[in-house]
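Trainee: Dropping a structure here in structure tokens format, bear with me for questions.
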Amino acid sequence: MTRIPLPATTGNQTIDLPGVGPVLLAPSQRAKRLVLSIRPFKGVRLAIPTGVSPEQATAFLRSKQPWLANHLPRIRKLEAELAARANQLPIIDRRAATRKLHHRLRELARRHAFSYNRVTFRNQRTRWGSCSGANNISLNIKLAALPEALCDYVLLHELLHTRIKNHGPAFWAALDLLVGNAQAKRSALRAYSLTPP
């Protein structure tokens with residue numbers, strides 16, 4: 001039986017699981033049990049609660065190798081499909097994009113009872129959006145070219161920051177209620193590049 005070496009350190013570590021590849025070992029004070037997950041573009045992660053020994057984590061990982069072998073090809077196929085669409089955002093008409101985004105932001109704010117001070121539109125290379133401490137929202141005009149669900153994800157993400165100023169568990173739980181499976185949409189957004197090819 002192949003031994004899976006687990007580091008003795010307390011921080012996040014990555015090991016190479018035979019037949020699977022890299023697995024991120026993430027000690028977690030919040031986790032109540034061992035939780036194995038696969039996310040597009042993030043890979044395999046094992047959340048390890050306090051008090052779980054390296055031997056227990058090893059046994060759990062070994063027991064999940066068939067599950068990983070079954071699910072990893074699907075995730076890799078999804079990653080390939082998303083990557084194939086990268087850098088395919090069309091040329092943006094700034095005026096039309098601004099109108100579209102301004103209208104949609106107002107609509108979502110009204111629907112979910114958010115309020116913000118002002119909004120600015122930029123053609124940024126590194127960020128889709130941001131919200132300042134004074135509740136001023138900045139949006140990338142390239143959002144107008146995204147699929148509607150991903151555009152709404154970013155707009156609601158920034159609107160939610162008018163109430164919750166961090167990315168803690170409460171923020172992601174609230175965003176899940178607004179958009180449904182926020183982490184999946186966050187992963188899908190990575191397939192779209194802000195910089196030209």
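A note on labels: chains of the structure tokens are A, B, ... as shown, every chain counts residues from 1, and ligands are counted from 1 in their shown order.
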What lies within 9 Å of Ser132 of chain A using only C-alpha atoms, ignoring chain neighbours under 6 positions off, as a list in words?

Mentor: Ser138, His161, Thr162 and Lys165 of chain A

Trainee: Which of segment 69-197 of chain A end up as strand (DSSP E or B) when DSSP is run on this backbone - answer as a PyMOL selection string?

Mentor: chain A and resi 119-122+129-131+137-140

Trainee: Using only C-alpha atoms, find the one residue out of A:Leu46, A:Lys185, A:Arg39, A:Arg94 that sits nearest to Leu24 of chain A.

Mentor: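 Nearest candidate to Leu24 of chain A out of A:Leu46, A:Lys185, A:Arg39, A:Arg94: A:Leu46.
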
Trainee: Write out as a list in words each polymer residue whose atoms come within 9 Å of Ile141 of chain A, counting only C-alpha atoms; drop sequence neighbours fewer than 6 positions from it.

Mentor: Ile92, Asp93, Arg94, Ala97, Thr98, Leu101, Phe121, Arg122, Asn123, Gln124 and Trp128 of chain A

Trainee: Using only C-alpha atoms, which of the listed residues (A:His71, A:Lys142, A:His103, A:Arg62) sits closest to Ser37 of chain A?

Mentor: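 With only C-alpha atoms as the atom set, the closest residue is A:His71.
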